[in-house]
$ cat upload.pdb   # PDB, C-alpha atoms
ATOM      1  CA  MET A   1     107.363  73.554 -46.675  1.00  0.00           C
ATOM      2  CA  SER A   2     109.655  70.857 -45.279  1.00  0.00           C
ATOM      3  CA  VAL A   3     108.822  68.707 -42.253  1.00  0.00           C
ATOM      4  CA  ARG A   4     111.307  70.707 -40.165  1.00  0.00           C
ATOM      5  CA  GLU A   5     109.790  74.010 -41.244  1.00  0.00           C
ATOM      6  CA  ARG A   6     106.314  72.711 -40.497  1.00  0.00           C
ATOM      7  CA  LEU A   7     107.360  71.640 -36.994  1.00  0.00           C
ATOM      8  CA  LEU A   8     109.051  74.979 -36.256  1.00  0.00           C
ATOM      9  CA  SER A   9     106.057  76.911 -37.561  1.00  0.00           C
ATOM     10  CA  THR A  10     103.734  74.845 -35.354  1.00  0.00           C
ATOM     11  CA  LEU A  11     105.899  75.485 -32.294  1.00  0.00           C
ATOM     12  CA  ALA A  12     106.005  79.224 -32.973  1.00  0.00           C
ATOM     13  CA  SER A  13     102.221  79.293 -33.398  1.00  0.00           C
ATOM     14  CA  GLN A  14     101.733  77.422 -30.111  1.00  0.00           C
ATOM     15  CA  LEU A  15     104.003  79.822 -28.225  1.00  0.00           C
ATOM     16  CA  GLY A  16     101.887  82.731 -29.431  1.00  0.00           C
ATOM     17  CA  ASN A  17      98.544  81.020 -28.829  1.00  0.00           C
ATOM     18  CA  PRO A  18      98.745  77.685 -26.954  1.00  0.00           C
ATOM     19  CA  HIS A  19      95.859  75.410 -27.847  1.00  0.00           C
ATOM     20  CA  GLY A  20      94.773  71.798 -28.110  1.00  0.00           C
ATOM     21  CA  VAL A  21      96.643  68.803 -26.767  1.00  0.00           C
ATOM     22  CA  LEU A  22     100.006  70.286 -27.714  1.00  0.00           C
ATOM     23  CA  GLY A  23      99.080  73.502 -25.933  1.00  0.00           C
ATOM     24  CA  LYS A  24      98.963  71.674 -22.590  1.00  0.00           C
ATOM     25  CA  GLY A  25     102.620  70.795 -22.919  1.00  0.00           C
ATOM     26  CA  VAL A  26     103.436  74.287 -24.128  1.00  0.00           C
ATOM     27  CA  ALA A  27     101.777  75.733 -21.000  1.00  0.00           C
ATOM     28  CA  LEU A  28     104.148  73.738 -18.801  1.00  0.00           C
ATOM     29  CA  LEU A  29     107.068  74.771 -20.988  1.00  0.00           C
ATOM     30  CA  LEU A  30     106.097  78.439 -20.706  1.00  0.00           C
ATOM     31  CA  ASN A  31     105.832  78.266 -16.917  1.00  0.00           C
ATOM     32  CA  ARG A  32     109.209  76.585 -16.608  1.00  0.00           C
ATOM     33  CA  GLY A  33     111.070  78.642 -19.190  1.00  0.00           C
ATOM     34  CA  ASN A  34     109.636  82.011 -18.168  1.00  0.00           C
ATOM     35  CA  LYS A  35     109.722  81.455 -14.405  1.00  0.00           C
ATOM     36  CA  THR A  36     112.607  83.803 -13.604  1.00  0.00           C
ATOM     37  CA  ALA A  37     111.514  86.503 -16.047  1.00  0.00           C
ATOM     38  CA  ILE A  38     107.942  86.476 -14.713  1.00  0.00           C
ATOM     39  CA  ALA A  39     109.065  86.583 -11.069  1.00  0.00           C
ATOM     40  CA  SER A  40     111.397  89.477 -11.894  1.00  0.00           C
ATOM     41  CA  ALA A  41     108.583  91.311 -13.686  1.00  0.00           C
ATOM     42  CA  VAL A  42     106.338  90.954 -10.633  1.00  0.00           C
ATOM     43  CA  GLU A  43     109.147  92.255  -8.446  1.00  0.00           C
ATOM     44  CA  ALA A  44     109.806  95.203 -10.765  1.00  0.00           C
ATOM     45  CA  ALA A  45     106.098  96.036 -10.832  1.00  0.00           C
ATOM     46  CA  ALA A  46     106.144  96.695  -7.068  1.00  0.00           C
ATOM     47  CA  VAL A  47     102.666  95.241  -6.635  1.00  0.00           C
ATOM     48  CA  PRO A  48     100.871  96.967  -3.734  1.00  0.00           C
ATOM     49  CA  PRO A  49      98.974  94.872  -1.153  1.00  0.00           C
ATOM     50  CA  GLY A  50      95.269  95.274  -1.771  1.00  0.00           C
ATOM     51  CA  GLY A  51      95.871  96.594  -5.278  1.00  0.00           C
ATOM     52  CA  ASN A  52      94.515  95.793  -8.717  1.00  0.00           C
ATOM     53  CA  ALA A  53      97.065  93.901 -10.800  1.00  0.00           C
ATOM     54  CA  ALA A  54      96.951  92.342 -14.250  1.00  0.00           C
ATOM     55  CA  ASP A  55      98.899  89.699 -16.149  1.00  0.00           C
ATOM     56  CA  ILE A  56      98.352  90.244 -19.856  1.00  0.00           C
ATOM     57  CA  GLY A  57      98.927  87.127 -21.940  1.00  0.00           C
ATOM     58  CA  PHE A  58      99.435  84.955 -18.879  1.00  0.00           C
ATOM     59  CA  GLY A  59      99.918  81.712 -20.838  1.00  0.00           C
ATOM     60  CA  GLY A  60     100.601  78.870 -18.429  1.00  0.00           C
ATOM     61  CA  GLY A  61      99.523  81.013 -15.477  1.00  0.00           C
ATOM     62  CA  ALA A  62     102.713  81.255 -13.421  1.00  0.00           C
ATOM     63  CA  GLY A  63     102.294  85.020 -13.065  1.00  0.00           C
ATOM     64  CA  LEU A  64      98.757  84.723 -11.740  1.00  0.00           C
ATOM     65  CA  SER A  65      99.925  82.867  -8.612  1.00  0.00           C
ATOM     66  CA  LEU A  66     102.671  85.399  -7.926  1.00  0.00           C
ATOM     67  CA  LEU A  67     100.353  88.371  -8.350  1.00  0.00           C
ATOM     68  CA  LEU A  68      97.647  86.806  -6.164  1.00  0.00           C
ATOM     69  CA  GLU A  69     100.226  86.331  -3.429  1.00  0.00           C
ATOM     70  CA  ARG A  70     101.367  89.951  -3.739  1.00  0.00           C
ATOM     71  CA  VAL A  71      97.948  91.645  -3.716  1.00  0.00           C
ATOM     72  CA  GLY A  72      96.793  89.590  -0.724  1.00  0.00           C
ATOM     73  CA  ALA A  73      93.268  88.895   0.475  1.00  0.00           C
ATOM     74  CA  ASP A  74      91.977  92.382  -0.326  1.00  0.00           C
ATOM     75  CA  GLY A  75      93.431  92.722  -3.821  1.00  0.00           C
ATOM     76  CA  VAL A  76      92.285  91.676  -7.284  1.00  0.00           C
ATOM     77  CA  VAL A  77      94.233  90.085 -10.130  1.00  0.00           C
ATOM     78  CA  HIS A  78      93.020  90.324 -13.716  1.00  0.00           C
ATOM     79  CA  GLY A  79      94.225  87.686 -16.150  1.00  0.00           C
ATOM     80  CA  VAL A  80      93.825  88.532 -19.827  1.00  0.00           C
ATOM     81  CA  GLU A  81      94.626  85.890 -22.425  1.00  0.00           C
ATOM     82  CA  ILE A  82      94.010  85.399 -26.139  1.00  0.00           C
ATOM     83  CA  SER A  83      94.003  81.604 -25.891  1.00  0.00           C
ATOM     84  CA  ALA A  84      90.652  80.050 -24.951  1.00  0.00           C
ATOM     85  CA  ASP A  85      92.451  76.898 -23.835  1.00  0.00           C
ATOM     86  CA  MET A  86      94.742  78.801 -21.463  1.00  0.00           C
ATOM     87  CA  LEU A  87      91.717  80.598 -20.039  1.00  0.00           C
ATOM     88  CA  ALA A  88      90.012  77.244 -19.441  1.00  0.00           C
ATOM     89  CA  ARG A  89      93.189  75.918 -17.818  1.00  0.00           C
ATOM     90  CA  ALA A  90      93.317  78.888 -15.446  1.00  0.00           C
ATOM     91  CA  ARG A  91      89.616  78.584 -14.600  1.00  0.00           C
ATOM     92  CA  SER A  92      90.094  74.964 -13.572  1.00  0.00           C
ATOM     93  CA  GLY A  93      93.266  75.766 -11.645  1.00  0.00           C
ATOM     94  CA  TYR A  94      92.000  78.691  -9.551  1.00  0.00           C
ATOM     95  CA  PRO A  95      88.342  77.962  -8.693  1.00  0.00           C
ATOM     96  CA  ARG A  96      88.550  79.373  -5.164  1.00  0.00           C
ATOM     97  CA  ASP A  97      90.163  82.658  -6.196  1.00  0.00           C
ATOM     98  CA  ILE A  98      87.708  83.065  -9.044  1.00  0.00           C
ATOM     99  CA  GLY A  99      84.790  82.313  -6.733  1.00  0.00           C
ATOM    100  CA  SER A 100      85.925  84.929  -4.225  1.00  0.00           C
ATOM    101  CA  GLY A 101      86.443  87.533  -6.945  1.00  0.00           C
ATOM    102  CA  ARG A 102      90.175  87.828  -6.270  1.00  0.00           C
ATOM    103  CA  LEU A 103      90.943  86.500  -9.752  1.00  0.00           C
ATOM    104  CA  ARG A 104      89.067  87.751 -12.799  1.00  0.00           C
ATOM    105  CA  LEU A 105      89.808  86.147 -16.148  1.00  0.00           C
ATOM    106  CA  ALA A 106      88.863  87.509 -19.546  1.00  0.00           C
ATOM    107  CA  GLU A 107      89.657  86.957 -23.192  1.00  0.00           C
ATOM    108  CA  GLY A 108      91.524  89.801 -24.823  1.00  0.00           C
ATOM    109  CA  SER A 109      94.683  90.923 -26.548  1.00  0.00           C
ATOM    110  CA  LEU A 110      97.375  93.524 -25.991  1.00  0.00           C
ATOM    111  CA  THR A 111      95.660  95.863 -28.434  1.00  0.00           C
ATOM    112  CA  ALA A 112      92.137  95.283 -27.076  1.00  0.00           C
ATOM    113  CA  LEU A 113      92.171  94.939 -23.301  1.00  0.00           C
ATOM    114  CA  PRO A 114      88.817  94.299 -21.560  1.00  0.00           C
ATOM    115  CA  LEU A 115      89.735  96.732 -18.777  1.00  0.00           C
ATOM    116  CA  ALA A 116      88.565 100.240 -17.939  1.00  0.00           C
ATOM    117  CA  ASP A 117      90.740 103.341 -18.210  1.00  0.00           C
ATOM    118  CA  ASP A 118      93.083 103.890 -15.239  1.00  0.00           C
ATOM    119  CA  SER A 119      91.684 100.802 -13.486  1.00  0.00           C
ATOM    120  CA  ILE A 120      94.918  98.883 -12.836  1.00  0.00           C
ATOM    121  CA  ASP A 121      97.698  99.648 -10.350  1.00  0.00           C
ATOM    122  CA  VAL A 122     100.245  97.370 -12.015  1.00  0.00           C
ATOM    123  CA  ALA A 123     100.334  95.232 -15.138  1.00  0.00           C
ATOM    124  CA  ILE A 124     102.889  92.757 -16.414  1.00  0.00           C
ATOM    125  CA  THR A 125     103.263  91.104 -19.797  1.00  0.00           C
ATOM    126  CA  VAL A 126     106.169  88.768 -20.464  1.00  0.00           C
ATOM    127  CA  ASN A 127     107.248  87.352 -23.827  1.00  0.00           C
ATOM    128  CA  THR A 128     104.121  88.546 -25.604  1.00  0.00           C
ATOM    129  CA  VAL A 129     104.983  91.587 -27.712  1.00  0.00           C
ATOM    130  CA  TYR A 130     106.686  89.436 -30.379  1.00  0.00           C
ATOM    131  CA  PHE A 131     103.208  88.453 -31.538  1.00  0.00           C
ATOM    132  CA  VAL A 132     101.761  91.972 -31.811  1.00  0.00           C
ATOM    133  CA  PRO A 133     102.067  93.630 -35.234  1.00  0.00           C
ATOM    134  CA  ASP A 134     101.319  97.125 -33.885  1.00  0.00           C
ATOM    135  CA  LEU A 135     103.643  97.753 -30.944  1.00  0.00           C
ATOM    136  CA  ALA A 136     102.600 101.399 -30.559  1.00  0.00           C
ATOM    137  CA  ALA A 137      98.943 100.392 -30.213  1.00  0.00           C
ATOM    138  CA  ALA A 138      99.823  97.750 -27.610  1.00  0.00           C
ATOM    139  CA  CYS A 139     101.837 100.200 -25.514  1.00  0.00           C
ATOM    140  CA  ALA A 140      99.079 102.816 -25.762  1.00  0.00           C
ATOM    141  CA  GLU A 141      96.522 100.242 -24.628  1.00  0.00           C
ATOM    142  CA  LEU A 142      98.656  99.191 -21.661  1.00  0.00           C
ATOM    143  CA  ALA A 143      99.146 102.829 -20.684  1.00  0.00           C
ATOM    144  CA  ARG A 144      95.398 103.397 -20.984  1.00  0.00           C
ATOM    145  CA  VAL A 145      94.439 100.813 -18.362  1.00  0.00           C
ATOM    146  CA  VAL A 146      97.244 101.496 -15.856  1.00  0.00           C
ATOM    147  CA  ARG A 147      96.566 104.492 -13.661  1.00  0.00           C
ATOM    148  CA  PRO A 148      98.924 107.504 -13.733  1.00  0.00           C
ATOM    149  CA  GLY A 149     101.756 106.768 -11.335  1.00  0.00           C
ATOM    150  CA  GLY A 150     101.100 103.024 -11.605  1.00  0.00           C
ATOM    151  CA  ARG A 151     103.482 100.556 -13.132  1.00  0.00           C
ATOM    152  CA  LEU A 152     103.498  98.405 -16.257  1.00  0.00           C
ATOM    153  CA  VAL A 153     106.294  95.975 -16.979  1.00  0.00           C
ATOM    154  CA  ILE A 154     107.086  94.469 -20.370  1.00  0.00           C
ATOM    155  CA  GLY A 155     109.479  91.513 -20.376  1.00  0.00           C
ATOM    156  CA  ILE A 156     111.191  90.454 -23.603  1.00  0.00           C
ATOM    157  CA  GLY A 157     113.949  88.061 -24.516  1.00  0.00           C
ATOM    158  CA  ASP A 158     117.132  89.651 -25.800  1.00  0.00           C
ATOM    159  CA  PRO A 159     116.396  90.095 -29.528  1.00  0.00           C
ATOM    160  CA  ASP A 160     119.894  89.105 -30.684  1.00  0.00           C
ATOM    161  CA  ALA A 161     119.739  85.890 -28.677  1.00  0.00           C
ATOM    162  CA  MET A 162     116.144  85.221 -29.754  1.00  0.00           C
ATOM    163  CA  ALA A 163     117.110  85.597 -33.415  1.00  0.00           C
ATOM    164  CA  LYS A 164     119.421  82.589 -33.062  1.00  0.00           C
ATOM    165  CA  LEU A 165     116.541  80.283 -32.106  1.00  0.00           C
ATOM    166  CA  PRO A 166     115.264  78.254 -35.063  1.00  0.00           C
ATOM    167  CA  PHE A 167     111.559  78.958 -34.553  1.00  0.00           C
ATOM    168  CA  THR A 168     111.577  82.760 -34.176  1.00  0.00           C
ATOM    169  CA  SER A 169     111.609  83.298 -37.934  1.00  0.00           C
ATOM    170  CA  TYR A 170     108.052  81.906 -37.986  1.00  0.00           C
ATOM    171  CA  GLY A 171     105.657  84.618 -36.845  1.00  0.00           C
ATOM    172  CA  PHE A 172     107.865  86.376 -34.284  1.00  0.00           C
ATOM    173  CA  THR A 173     108.622  90.100 -34.567  1.00  0.00           C
ATOM    174  CA  LEU A 174     111.909  90.699 -32.737  1.00  0.00           C
ATOM    175  CA  ARG A 175     112.308  94.419 -32.098  1.00  0.00           C
ATOM    176  CA  PRO A 176     115.386  96.205 -30.737  1.00  0.00           C
ATOM    177  CA  VAL A 177     114.949  97.118 -27.073  1.00  0.00           C
ATOM    178  CA  PRO A 178     115.234 100.879 -27.832  1.00  0.00           C
ATOM    179  CA  ASP A 179     112.229 100.554 -30.166  1.00  0.00           C
ATOM    180  CA  VAL A 180     110.091  99.112 -27.356  1.00  0.00           C
ATOM    181  CA  ILE A 181     111.262 101.840 -24.978  1.00  0.00           C
ATOM    182  CA  ALA A 182     110.413 104.473 -27.596  1.00  0.00           C
ATOM    183  CA  ALA A 183     106.906 103.040 -28.022  1.00  0.00           C
ATOM    184  CA  LEU A 184     106.321 103.196 -24.256  1.00  0.00           C
ATOM    185  CA  GLU A 185     107.576 106.775 -24.125  1.00  0.00           C
ATOM    186  CA  GLN A 186     105.340 107.678 -27.047  1.00  0.00           C
ATOM    187  CA  ALA A 187     102.434 106.264 -25.014  1.00  0.00           C
ATOM    188  CA  GLY A 188     103.218 108.767 -22.256  1.00  0.00           C
ATOM    189  CA  CYS A 189     105.382 106.686 -19.934  1.00  0.00           C
ATOM    190  CA  THR A 190     108.721 107.114 -18.251  1.00  0.00           C
ATOM    191  CA  VAL A 191     110.758 103.916 -18.588  1.00  0.00           C
ATOM    192  CA  GLU A 192     113.364 102.093 -16.510  1.00  0.00           C
ATOM    193  CA  HIS A 193     115.407  99.362 -18.241  1.00  0.00           C
ATOM    194  CA  GLN A 194     116.797  96.303 -16.462  1.00  0.00           C
ATOM    195  CA  ARG A 195     118.717  93.437 -18.078  1.00  0.00           C
ATOM    196  CA  LEU A 196     118.377  89.939 -16.599  1.00  0.00           C
ATOM    197  CA  SER A 197     121.019  87.246 -17.059  1.00  0.00           C
ATOM    198  CA  THR A 198     118.431  84.518 -17.481  1.00  0.00           C
ATOM    199  CA  ARG A 199     119.361  81.277 -19.231  1.00  0.00           C
ATOM    200  CA  PRO A 200     119.369  80.239 -21.987  1.00  0.00           C
ATOM    201  CA  ILE A 201     117.999  83.610 -23.188  1.00  0.00           C
ATOM    202  CA  PRO A 202     118.823  86.876 -21.377  1.00  0.00           C
ATOM    203  CA  HIS A 203     115.767  89.047 -20.797  1.00  0.00           C
ATOM    204  CA  HIS A 204     115.040  92.752 -20.628  1.00  0.00           C
ATOM    205  CA  LEU A 205     112.495  94.267 -18.250  1.00  0.00           C
ATOM    206  CA  LEU A 206     111.026  97.616 -19.220  1.00  0.00           C
ATOM    207  CA  ALA A 207     109.254  99.088 -16.197  1.00  0.00           C
ATOM    208  CA  ALA A 208     107.100 102.000 -17.321  1.00  0.00           C
ATOM    209  CA  THR A 209     105.122 104.551 -15.331  1.00  0.00           C
ATOM    210  CA  PRO A 210     102.250 106.328 -17.095  1.00  0.00           C
ATOM    211  CA  ARG A 211     102.365 110.070 -16.504  1.00  0.00           C
TER     212      ARG A 211
END

$ encode --input "upload.pdb" --output "structure tokens"
Amino acid sequence: MSVRERLLSTLASQLGNPHGVLGKGVALLLNRGNKTAIASAVEAAAVPPGGNAADIGFGGGAGLSLLLERVGADGVVHGVEISADMLARARSGYPRDIGSGRLRLAEGSLTALPLADDSIDVAITVNTVYFVPDLAAACAELARVVRPGGRLVIGIGDPDAMAKLPFTSYGFTLRPVPDVIAALEQAGCTVEHQRLSTRPIPHHLLAATPR
């Protein structure tokens, strides 16, 4: 493997699971690069005041702040993350909300969520499904924890645009948008599709309602 390939592989690995010293910089990069997509996902989720919300694979934590603001003083936000370092970062960044019980953090993945059936009003997950081998299992797990009539929003970069990035050939699975919609429908959801003109990568928001 060449030096360039090694660097691109390392970057791709960090984007999927930020860790170590490099992961701190990646967390800032994720917050900055995903800001518009995350804010749009929160908006599309229609988070109810006083509700239970979740950000799955929250990375740098930008979505946690937005969800906490939306649920208000009487709501709860669950943050689920595979990276131990990102969990530690969030714990140090939100001590008051954790202490009050408004923010509950846990280690977990899209295919193994530490949440009870039908326990969440809304859930968002942005730029995460590229790293899940079994998309159907991930969608089924999301549908399991979101109550019927609730809302789950998956945000993904446009796969054609993502394919042009040099690092996405290292560990990313770029699926056509119709395939993600089909997996959500197979999990028992109705799906609304919105395209965002975000830069440099356009994004797609798939807002799904479990039946």

$ resolve_selection --input "upload.pdb" --expression "the PyMOL selection byres ((chain A and resi 68) around 12)" --output "ChimeraX atom specification"
/A:42,47-55,61-67,69-79,94,96-98,101-104

$ resolve_selection --input "upload.pdb" --expression "the PyMOL selection byres ((chain A and resi 184) around 9)" --output "ChimeraX atom specification"
/A:136,139-140,143,179-183,185-191,206,208,210

$ residues_near_point --input "upload.pdb" --point "(106.4, 89.4, -19.1)" --cutoff "8 Å" --atoms "all atoms listed in the file" --output "list in words"
Ala37, Ile38, Ala41, Ile124, Thr125, Val126, Asn127, Thr128, Val153, Ile154, Gly155, Ile156 and Leu205 of chain A

$ atom_distance --input "upload.pdb" --atom1 "CA of Asp134 (chain A)" --atom2 "CA of Glu43 (chain A)"
27.1 Å

$ residues_around --input "upload.pdb" --residues "region 117-122 of chain A" --least-positions-apart "5" --cutoff "6 Å" --atoms "all atoms listed in the file" --output "ChimeraX atom specification"
/A:52-53,144-147,150-152

$ resolve_selection --input "upload.pdb" --expression "the PyMOL selection byres ((chain A and resi 195-201) around 12)" --output "PyMOL selection string"
chain A and resi 32-41+44+127+154-165+177+192-194+202-207

$ atom_distance --input "upload.pdb" --atom1 "CA of Gly108 (chain A)" --atom2 "CA of Gly60 (chain A)"
15.6 Å

$ residues_around --input "upload.pdb" --residues "Ala88 (chain A)" --least-positions-apart "6" --cutoff "12 Å" --atoms "all atoms listed in the file" --output "list in words"
Pro18, His19, Gly20, Gly23, Lys24, Ala27, Gly59, Gly60, Gly61, Gly79, Val80, Glu81, Ile82, Tyr94, Pro95, Leu105, Ala106 and Glu107 of chain A

$ atom_distance --input "upload.pdb" --atom1 "CA of Ala138 (chain A)" --atom2 "CA of Thr111 (chain A)"
4.6 Å

$ closest_residue --input "upload.pdb" --among "A:Ala116, A:Tyr170, A:Pro176, A:Leu28" --to "Leu7 (chain A)" --atoms "only C-alpha atoms"
A:Tyr170

$ decode --input "upload.pdb" --residues "region 182-204 of chain A" --atoms "N, CA and C atoms" --output "CSV table (one decimal), in the first residue's frame"
chain,number,residue,atom,x,y,z
A,182,ALA,N,-35.9,1.6,-0.1
A,182,ALA,CA,-36.5,0.3,-0.1
A,182,ALA,C,-36.2,-0.5,1.2
A,183,ALA,N,-35.0,-0.3,1.8
A,183,ALA,CA,-34.7,-0.9,3.1
A,183,ALA,C,-35.6,-0.3,4.2
A,184,LEU,N,-35.9,1.0,4.2
A,184,LEU,CA,-36.8,1.6,5.2
A,184,LEU,C,-38.2,1.1,5.0
A,185,GLU,N,-38.6,0.9,3.8
A,185,GLU,CA,-40.0,0.4,3.5
A,185,GLU,C,-40.1,-1.0,3.9
A,186,GLN,N,-39.1,-1.8,3.7
A,186,GLN,CA,-39.1,-3.2,4.1
A,186,GLN,C,-39.2,-3.3,5.6
A,187,ALA,N,-38.6,-2.3,6.3
A,187,ALA,CA,-38.7,-2.3,7.8
A,187,ALA,C,-40.1,-1.8,8.3
A,188,GLY,N,-41.0,-1.5,7.4
A,188,GLY,CA,-42.3,-1.1,7.8
A,188,GLY,C,-42.5,0.4,7.9
A,189,CYS,N,-41.8,1.2,7.2
A,189,CYS,CA,-41.9,2.6,7.2
A,189,CYS,C,-42.5,3.2,5.9
A,190,THR,N,-43.1,4.3,6.1
A,190,THR,CA,-43.4,5.2,4.9
A,190,THR,C,-42.3,6.2,4.8
A,191,VAL,N,-41.9,6.6,3.6
A,191,VAL,CA,-40.7,7.4,3.5
A,191,VAL,C,-40.9,8.6,2.6
A,192,GLU,N,-40.4,9.8,3.1
A,192,GLU,CA,-40.4,11.0,2.4
A,192,GLU,C,-39.0,11.3,2.0
A,193,HIS,N,-38.7,11.8,0.8
A,193,HIS,CA,-37.4,12.0,0.3
A,193,HIS,C,-37.2,13.5,0.0
A,194,GLN,N,-36.1,14.1,0.6
A,194,GLN,CA,-35.8,15.5,0.3
A,194,GLN,C,-34.3,15.6,-0.1
A,195,ARG,N,-34.0,16.3,-1.1
A,195,ARG,CA,-32.7,16.5,-1.6
A,195,ARG,C,-32.2,17.9,-1.1
A,196,LEU,N,-31.0,18.0,-0.5
A,196,LEU,CA,-30.4,19.2,0.0
A,196,LEU,C,-29.3,19.6,-0.9
A,197,SER,N,-29.2,20.9,-1.3
A,197,SER,CA,-28.1,21.4,-2.1
A,197,SER,C,-26.9,21.8,-1.2
A,198,THR,N,-26.5,21.0,-0.4
A,198,THR,CA,-25.3,21.3,0.5
A,198,THR,C,-24.0,21.2,-0.3
A,199,ARG,N,-23.0,22.0,0.2
A,199,ARG,CA,-21.8,22.0,-0.5
A,199,ARG,C,-20.7,21.5,0.4
A,200,PRO,N,-19.7,20.8,-0.1
A,200,PRO,CA,-19.4,20.5,-1.5
A,200,PRO,C,-20.2,19.2,-2.0
A,201,ILE,N,-20.9,18.5,-1.0
A,201,ILE,CA,-21.6,17.3,-1.4
A,201,ILE,C,-23.1,17.5,-1.1
A,202,PRO,N,-23.9,17.4,-2.1
A,202,PRO,CA,-25.4,17.4,-1.9
A,202,PRO,C,-25.8,16.2,-1.0
A,203,HIS,N,-26.8,16.4,-0.2
A,203,HIS,CA,-27.3,15.4,0.7
A,203,HIS,C,-28.7,15.0,0.4
A,204,HIS,N,-29.1,13.8,0.8
A,204,HIS,CA,-30.5,13.3,0.8
A,204,HIS,C,-30.9,13.1,2.2
